[in-house]
Every structure is written in structure tokens, then in C-alpha cells.
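*Asks:* For reference, the file run20.cif (mmCIF, C-alpha atoms) is included below:
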data_work
loop_
_atom_site.label_atom_id
_atom_site.label_comp_id
_atom_site.auth_asym_id
_atom_site.auth_seq_id
_atom_site.Cartn_x
_atom_site.Cartn_y
_atom_site.Cartn_z
CA MET A 24 116.40 -40.74 -86.32
CA ASN A 25 119.07 -39.35 -83.96
CA ASN A 26 122.74 -40.23 -84.24
CA LEU A 27 122.67 -42.93 -81.55
CA GLU A 28 119.72 -44.69 -83.21
CA LEU A 29 121.46 -44.40 -86.57
CA LEU A 30 124.61 -46.04 -85.19
CA ALA A 31 122.60 -48.79 -83.51
CA ASP A 32 120.80 -49.58 -86.78
CA ALA A 33 124.04 -49.52 -88.78
CA LEU A 34 125.79 -51.86 -86.35
CA ALA A 35 122.85 -54.26 -86.37
CA TYR A 36 122.73 -54.26 -90.18
CA MET A 37 126.44 -55.00 -90.48
CA GLU A 38 126.32 -57.77 -87.87
CA GLU A 39 123.41 -59.46 -89.61
CA ASN A 40 125.18 -59.36 -92.97
CA LEU A 41 128.81 -60.19 -92.13
CA CYS A 42 128.72 -63.16 -94.48
CA GLU A 43 127.34 -61.04 -97.31
CA THR A 44 128.78 -58.17 -99.36
CA ILE A 45 128.56 -55.06 -97.18
CA THR A 46 129.27 -51.56 -98.43
CA ALA A 47 129.02 -48.23 -96.67
CA GLU A 48 126.44 -47.23 -99.28
CA ALA A 49 124.23 -50.22 -98.44
CA ALA A 50 124.55 -49.64 -94.70
CA ALA A 51 123.66 -45.97 -95.18
CA ARG A 52 120.60 -46.82 -97.31
CA ASN A 53 119.43 -49.20 -94.58
CA CYS A 54 119.65 -46.32 -92.09
CA PHE A 55 118.05 -43.76 -94.45
CA CYS A 56 121.07 -41.48 -94.42
CA SER A 57 123.88 -40.56 -96.78
CA LYS A 58 127.12 -42.51 -97.02
CA SER A 59 129.15 -39.43 -96.04
CA CYS A 60 126.97 -38.88 -92.97
CA LEU A 61 127.39 -42.48 -91.78
CA GLU A 62 131.12 -42.58 -92.46
CA LYS A 63 131.72 -39.27 -90.66
CA LEU A 64 129.68 -40.35 -87.65
CA PHE A 65 131.25 -43.81 -87.55
CA ARG A 66 134.81 -42.51 -87.66
CA SER A 67 134.07 -39.79 -85.12
CA VAL A 68 132.62 -42.23 -82.58
CA TYR A 69 134.56 -45.43 -83.24
CA GLY A 70 137.76 -44.21 -84.87
CA CYS A 71 137.50 -46.41 -87.97
CA SER A 72 135.66 -46.59 -91.26
CA VAL A 73 132.68 -48.84 -91.95
CA LYS A 74 134.88 -51.04 -94.16
CA GLU A 75 137.55 -51.38 -91.45
CA TYR A 76 134.93 -52.32 -88.88
CA VAL A 77 133.40 -54.98 -91.12
CA ILE A 78 136.80 -56.55 -91.85
CA LYS A 79 137.72 -56.64 -88.15
CA ARG A 80 134.39 -58.21 -87.22
CA ARG A 81 134.72 -60.81 -89.99
CA MET A 82 138.23 -61.72 -88.83
CA THR A 83 137.01 -62.01 -85.24
CA LYS A 84 134.14 -64.30 -86.23
CA ALA A 85 136.44 -66.32 -88.47
CA ALA A 86 138.96 -66.68 -85.62
CA LYS A 87 136.22 -68.07 -83.39
CA GLU A 88 135.27 -70.60 -86.05
CA LEU A 89 138.90 -71.68 -86.44
CA ILE A 90 139.02 -72.55 -82.74
CA GLN A 91 135.48 -73.84 -82.19
CA ASN A 92 135.21 -75.88 -85.42
CA PRO A 93 138.56 -77.66 -85.90
CA GLU A 94 136.99 -80.01 -88.43
CA LYS A 95 136.18 -77.09 -90.75
CA SER A 96 138.86 -76.25 -93.32
CA VAL A 97 140.40 -72.79 -93.58
CA LEU A 98 139.05 -72.53 -97.14
CA ASP A 99 135.49 -73.32 -96.02
CA ILE A 100 135.71 -70.60 -93.37
CA ALA A 101 137.19 -68.18 -95.91
CA LEU A 102 134.35 -68.81 -98.36
CA SER A 103 131.71 -68.40 -95.67
CA TYR A 104 132.96 -64.85 -95.00
CA GLY A 105 133.07 -63.78 -98.63
CA TYR A 106 136.70 -64.51 -99.51
CA GLN A 107 137.14 -66.25 -102.84
CA SER A 108 140.41 -68.01 -102.06
CA HIS A 109 142.53 -69.38 -99.23
CA GLU A 110 145.25 -66.87 -100.15
CA ALA A 111 143.01 -63.78 -99.96
CA PHE A 112 141.62 -64.84 -96.60
CA THR A 113 145.08 -65.64 -95.23
CA ARG A 114 146.39 -62.18 -96.22
CA ALA A 115 143.47 -60.47 -94.47
CA PHE A 116 143.82 -62.70 -91.41
CA GLU A 117 147.57 -62.09 -91.10
CA GLN A 118 147.03 -58.33 -91.31
CA SER A 119 144.47 -58.61 -88.50
CA ARG A 120 146.15 -61.20 -86.25
CA GLY A 121 149.82 -61.15 -87.17
CA CYS A 122 149.86 -64.86 -88.02
CA SER A 123 148.28 -67.28 -90.49
CA PRO A 124 144.90 -68.93 -89.80
CA THR A 125 146.64 -72.31 -89.46
CA ALA A 126 149.15 -70.99 -86.91
CA PHE A 127 146.36 -69.23 -85.00
CA ARG A 128 144.32 -72.42 -84.84
CA SER A 129 147.24 -74.39 -83.39
CA ARG A 130 148.24 -72.05 -80.56
CA ASN A 131 145.55 -69.51 -79.63
CA ARG A 132 142.51 -69.45 -77.37
CA PHE A 133 141.41 -65.81 -77.37
CA THR A 134 139.27 -64.96 -80.41
CA ASP A 135 137.20 -61.84 -79.64
CA ILE A 136 139.90 -59.27 -80.35
CA PHE A 137 137.24 -57.04 -81.95
CA PRO A 138 133.85 -57.76 -80.34
CA ARG A 139 130.65 -56.24 -81.64
CA LEU A 140 130.43 -52.52 -80.88
CA GLN A 141 127.38 -50.94 -79.31
CA LYS A 142 126.03 -47.42 -79.45
CA PRO A 143 127.78 -44.99 -77.06
CA PHE A 144 126.71 -44.71 -73.44
CA GLU A 145 123.92 -42.20 -72.92
CA LYS A 146 124.20 -42.24 -69.12
CA GLY A 147 127.09 -42.08 -66.71
CA ASP A 148 129.96 -39.73 -66.03
CA ALA A 149 132.32 -38.20 -68.59
CA TYR A 150 134.79 -41.08 -68.26
CA MET A 151 132.21 -43.76 -69.11
CA LYS A 152 130.78 -41.72 -71.98
CA GLN A 153 134.24 -41.70 -73.54
CA ARG A 154 134.58 -45.50 -73.39
CA LYS A 155 134.15 -47.53 -76.55
CA PRO A 156 131.18 -49.78 -75.69
CA VAL A 157 131.48 -53.44 -76.70
CA ASP A 158 129.02 -56.31 -76.40
CA ILE A 159 130.07 -58.97 -73.86
CA SER A 160 126.51 -60.09 -73.10
CA GLU A 161 127.16 -63.63 -74.37
CA LEU A 162 129.35 -64.13 -71.28
CA TYR A 163 126.53 -63.23 -68.89
CA ASP A 164 125.82 -66.84 -67.86
CA LEU A 165 129.50 -67.28 -67.06
CA PHE A 166 129.44 -64.07 -65.01
CA LEU A 167 126.52 -65.48 -63.01
CA GLU A 168 128.29 -68.79 -62.49
CA ARG A 169 131.45 -67.04 -61.27
CA ARG A 170 129.89 -64.02 -59.60
CA ASP A 171 132.15 -64.43 -56.53
CA CYS A 172 135.31 -64.92 -58.58
CA TYR A 173 137.88 -62.22 -59.27
CA PHE A 174 138.56 -60.19 -62.41
CA ILE A 175 141.92 -58.79 -63.44
CA CYS A 176 141.20 -55.63 -65.46
CA CYS A 177 143.92 -54.29 -67.75
CA ASP A 178 144.42 -51.17 -69.83
CA ILE A 179 147.28 -50.22 -72.14
CA LYS A 180 149.39 -47.31 -70.95
CA GLY A 181 149.81 -44.71 -73.68
CA LEU A 182 148.07 -46.35 -76.64
CA VAL A 183 147.50 -42.96 -78.31
CA PRO A 184 151.22 -42.36 -79.04
CA ILE A 185 151.44 -45.89 -80.46
CA ASN A 186 148.44 -45.24 -82.71
CA GLU A 187 150.14 -42.03 -83.84
CA ILE A 188 152.98 -44.18 -85.17
CA SER A 189 150.42 -46.30 -87.00
CA VAL A 190 146.93 -47.65 -86.33
CA LYS A 191 148.35 -51.05 -87.26
CA ALA A 192 151.03 -50.61 -84.57
CA GLY A 193 148.20 -49.95 -82.12
CA ASP A 194 146.47 -53.16 -83.24
CA PHE A 195 149.72 -55.08 -82.65
CA ALA A 196 149.95 -53.56 -79.17
CA ILE A 197 146.42 -54.76 -78.41
CA LEU A 198 147.29 -58.27 -79.61
CA GLU A 199 150.40 -58.30 -77.42
CA ALA A 200 148.38 -57.14 -74.39
CA VAL A 201 146.09 -60.14 -74.84
CA ARG A 202 149.06 -62.51 -75.28
CA ARG A 203 150.55 -61.32 -72.00
CA MET A 204 147.27 -61.83 -70.15
CA GLU A 205 146.73 -65.27 -71.66
CA SER A 206 150.30 -66.36 -70.99
CA PHE A 207 149.64 -66.30 -67.24
CA ALA A 208 145.97 -67.39 -67.30
CA ALA A 209 144.94 -70.87 -66.20
CA GLU A 210 143.10 -73.11 -68.65
CA ASP A 211 139.68 -72.12 -67.31
CA ASP A 212 140.43 -68.39 -66.96
CA ILE A 213 138.72 -66.28 -69.65
CA VAL A 214 140.15 -63.15 -71.31
CA PHE A 215 137.75 -60.75 -73.03
CA ARG A 216 137.77 -57.19 -74.33
CA ILE A 217 135.73 -54.52 -72.58
CA GLY A 218 136.67 -51.41 -74.57
CA GLY A 219 139.06 -49.82 -77.01
CA ASP A 220 142.23 -50.90 -75.21
CA GLU A 221 140.73 -52.32 -72.02
CA PHE A 222 140.53 -56.03 -71.22
CA ALA A 223 139.43 -58.26 -68.38
CA LEU A 224 140.55 -61.70 -67.29
CA LEU A 225 137.83 -63.58 -65.40
CA THR A 226 139.37 -66.16 -63.10
CA ASN A 227 137.68 -69.26 -61.76
CA SER A 228 138.97 -68.46 -58.29
CA ARG A 229 137.58 -66.81 -55.16
CA ASP A 230 141.13 -66.43 -53.86
CA ILE A 231 142.19 -62.78 -54.10
CA SER A 232 145.85 -63.72 -53.69
CA TYR A 233 145.65 -65.77 -56.91
CA ALA A 234 144.20 -62.79 -58.81
CA ARG A 235 146.76 -60.38 -57.37
CA ARG A 236 149.56 -62.74 -58.35
CA LEU A 237 148.30 -62.83 -61.95
CA ALA A 238 148.13 -59.02 -62.01
CA GLU A 239 151.73 -58.84 -60.74
CA LEU A 240 152.91 -61.29 -63.40
CA ILE A 241 151.18 -59.28 -66.15
CA THR A 242 152.62 -55.94 -65.04
CA GLY A 243 155.99 -57.63 -64.48
CA ARG A 244 156.39 -57.57 -68.27
CA ASN A 245 155.85 -53.81 -68.48
CA GLY A 246 158.43 -52.11 -70.63
CA GLU A 247 159.00 -55.10 -72.90
CA THR A 248 158.76 -54.06 -76.53
CA ILE A 249 156.79 -55.05 -79.57
CA CYS A 250 158.49 -54.90 -82.96
CA PHE A 251 156.66 -52.97 -85.66
CA GLU A 252 158.34 -52.48 -89.03
CA GLY A 253 161.78 -52.67 -87.46
CA ARG A 254 160.92 -50.31 -84.61
CA GLU A 255 160.93 -51.45 -80.97
CA ILE A 256 157.95 -49.96 -79.11
CA PRO A 257 157.74 -50.33 -75.29
CA LEU A 258 154.40 -51.66 -74.04
CA SER A 259 153.09 -51.42 -70.49
CA LEU A 260 149.73 -52.25 -68.90
CA TYR A 261 147.74 -51.12 -65.91
CA ALA A 262 146.30 -54.08 -64.00
CA THR A 263 143.87 -54.14 -61.10
CA VAL A 264 141.82 -56.77 -59.28
CA THR A 265 138.08 -56.56 -58.60
CA ARG A 266 134.94 -58.63 -58.29
CA PHE A 267 131.26 -57.78 -58.57
CA GLU A 268 129.97 -56.14 -55.40
CA GLY A 269 126.24 -55.77 -56.12
CA LYS A 270 123.40 -57.85 -54.68
CA HIS A 271 122.00 -58.85 -58.05
CA LEU A 272 124.32 -59.28 -61.02
CA LYS A 273 123.34 -56.83 -63.73
CA TYR A 274 125.27 -56.67 -66.98
CA ASP A 275 125.40 -52.87 -67.19
CA GLU A 276 126.50 -52.49 -63.58
CA LEU A 277 129.27 -55.07 -63.99
CA PHE A 278 130.49 -53.37 -67.18
CA VAL A 279 130.71 -50.00 -65.44
CA GLN A 280 132.44 -51.51 -62.39
CA LEU A 281 135.15 -53.12 -64.53
CA HIS A 282 135.91 -49.79 -66.17
CA GLN A 283 135.83 -47.91 -62.89
CA SER A 284 138.34 -50.34 -61.39
CA ILE A 285 140.72 -49.53 -64.26
CA LEU A 286 140.25 -45.80 -63.74
CA GLU A 287 141.03 -46.14 -60.02
CA SER A 288 144.25 -48.05 -60.81
CA LYS A 289 145.71 -45.15 -62.80
#
Output the file's structure in the form of C-alpha cells.
*Replies:*
Amino acid sequence: MNNLELLADALAYMEENLCETITAEAAARNCFCSKSCLEKLFRSVYGCSVKEYVIKRRMTKAAKELIQNPEKSVLDIALSYGYQSHEAFTRAFEQSRGCSPTAFRSRNRFTDIFPRLQKPFEKGDAYMKQRKPVDISELYDLFLERRDCYFICCDIKGLVPINEISVKAGDFAILEAVRRMESFAAEDDIVFRIGGDEFALLTNSRDISYARRLAELITGRNGETICFEGREIPLSLYATVTRFEGKHLKYDELFVQLHQSILESK
């Protein structure tokens, strides 16, 4: 098994067992490799440990349940993802989202802050091979429905220096980027993540002036700061407007086009 196949199997195993107890040892056994081999490969490619990835995916799935199932209690959701108490789940959720599950449920729409990762790109240029591939295939039907509508693609300027302060500071920067995009989005506009620090806002409009106006509003907040442990950190975004140009909408082609539009905006 080569490294890409190993990563694909590990990601599939973790996704299928998010509601169960997952350890790096168990994931490695499932892939017929050592724990040290899997951890080294995982951190090299994705920049986090197996445990960190599992927690982020659980919090993302839990966030979606909080929004989509308002009748379900926070404790029931906590228990379904392996947390033994409301308090333990709330601590983990606050570390991931910067607010309590109850507060998140009352004021947020965006849930997929950490979508499922995929194995790295095998084809494409050097830029695309360096992107962190995420799974947005569940939105494909929406892409078809809105194939003539405009996307606003955003990327954080200088996330690396923020991550050098703290990975948690970087996570807060990503959350703030989403908040800024959502703050100007209409009710039927959809924000989703397309990479490590890259996002897209899919409008429900064929009017390019509407999309350009949203992009201007988003970048109009460039330079505003986020507060992390008493430190004010400036945050700025690139933002560009695009829509799918192909004859037949193909998921892979759309994904590449969104990233290329960000590259061209820099």
C-alpha cells in the first residue's frame, strides 16, 4: 500500500467510526502500518495529529446536528459522539468554536468548519498539489442547481505567521474569516470550506455586480483584528468572484477552478 492509499484508508476508517472510540493505534492497525508511520505521514500531509483530526471532525458533525436537529438536546448530541457529560462536550466545543453549543445553536449557520479531508491531489500543477483537499461533494446537487450563479472565493492573507503564534490562534482566524463572509451573505447564500484557509461563498444570484459588492464588503474589513489571549492580531482576506465556465459541471474541475481564481487574485 502506498502512502496515498494508506491515507485514504485511514480517513475512511476514522469517518466511519467518529461515534466510536478511535485511537491512532486502531487506525494504524486498520491500515496495516505502525502508529508512528501513520502519525508521521498524517502530520506531514495535513499538519495535525490523528487525535486532533478526529476531534475537529466530531465537533464539525456535532455542530451540524445542533443546527439541523433543534429538538435534540446538547447532552444527547454529546453522548452520541462519545462524550460522557454535557460539561466535557461543552469544553471541547468551546475550544473548537469559541462559544458554547447553546450559543452556537442560537446564532450560527455555518457548520462545516472542518470538512472531511481527502487524499492529496495526484494530478495538477505544484500549486494544486500543495492544497489541502477537502470533500465538498455533498454540495454537488446545489452546484448543478446554481451552475450559472457566482462564487466569492476567499483566502486568508498570512495565516502562517498567525499559526506560528499558535495553531489555536490560526483556528480563531479561520472562524473569524467565516464570520465575515456570513455577515454579508444573504439567507440563501452558502459558505463552505475548500481548503486549509480557503473558503467559497456560493450566491443564489446570476448578477455579477451583487457578487462583486459582497467581495468588496468582505475585504472592506481587512485589517480588523482578532483577540487571542490578550493579543490583537490583524486579519485580512483575499476575495475574488468567479463562476463555473465549463460545458458540463464536473466536481473536480469546479474545485480546481475555485482554487485557481484565488491564486489569480493574489
*Asks:* If I put a ball of radius 9 Å at (134.3, -61.3, -70.1) in the file's coordinates, which residues poke into it when counting all atoms listed in the file, written as number ranges by chain?
*Replies:* A: 159-163, 165-166, 174, 213-217, 222-225
*Asks:* Please identify all polymer residues within 6 Å of Ser259 (chain A), counting all atoms listed in the file, omitting same-chain residues fewer than 4 positions from it, and present them as a count of residues only.
*Replies:* 3
*Asks:* Care to translate the PyMOL selection byres ((chain A and resi 211) around 10) into actual residues of this file, as number ranges by chain?
*Replies:* A: 208-210, 212-214, 225-228
*Asks:* Separation of CA of Asn92 (chain A) and CA of Ser129 (chain A), in Å?
*Replies:*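 Atom-to-atom, CA of Asn92 (chain A) and CA of Ser129 (chain A) are spaced 12.3 Å apart.
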*Asks:* Pull out every residue that the PyMOL selection byres ((chain A and resi 85) around 10) matches in the shown coordinates and put them as number ranges by chain.
*Replies:* A: 79-84, 86-91, 97, 100-101, 103-104, 112, 116, 124, 134-135
*Asks:* What do you get, as JSON, numbers by chain, if you spell out every residue that the PyMOL selection byres ((chain A and resi 48) around 12) selects here?
*Replies:* {"A": [33, 37, 44, 45, 46, 47, 49, 50, 51, 52, 53, 54, 55, 56, 57, 58, 59, 60, 61, 62, 73, 74]}
*Asks:* Taking into account only C-alpha atoms, which residue in the set A:Phe267, A:Phe207, A:Tyr106, A:Tyr69 is nearest to Leu240 (chain A)?
*Replies:*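 Smallest separation from Leu240 (chain A) among the options: A:Phe207.
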*Asks:* How many Å separate CA of Tyr261 (chain A) from CA of Ile185 (chain A)?
*Replies:*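 Taking CA of Tyr261 (chain A) and CA of Ile185 (chain A), their separation equals 15.9 Å.
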*Asks:* Between CA of Ser96 (chain A) and CA of Arg132 (chain A), what distance in Å does the model show, to one decimal?
*Replies:* 17.7 Å
*Asks:* Using all atoms listed in the file, find the one residue out of A:Ser123, A:Val190, A:Leu237, A:Arg128 that sits nearest to Lys95 (chain A).
*Replies:*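 Ranking A:Ser123, A:Val190, A:Leu237, A:Arg128 by distance to Lys95 (chain A), first place goes to A:Arg128.
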*Asks:* Just checking: using all atoms listed in the file, which residue out of A:Leu167, A:Asn26, A:Gln153, A:Cys177 ends up closest to His271 (chain A)?
*Replies:* A:Leu167
*Asks:* Which of these residues is nearest to Thr265 (chain A), using only C-alpha atoms: A:Asp171, A:Asp220, A:Asp32, A:Asp164?
*Replies:*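 Result for the nearest residue to Thr265 (chain A): A:Asp171.
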*Asks:* Pick out the closest residue to Ser119 (chain A) from this set: A:Met204, A:Leu198, A:Val157, A:Cys42. Count all atoms listed in the file.
*Replies:*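 Checking each of A:Met204, A:Leu198, A:Val157, A:Cys42 against Ser119 (chain A), counting all atoms listed in the file, the winner is A:Leu198.
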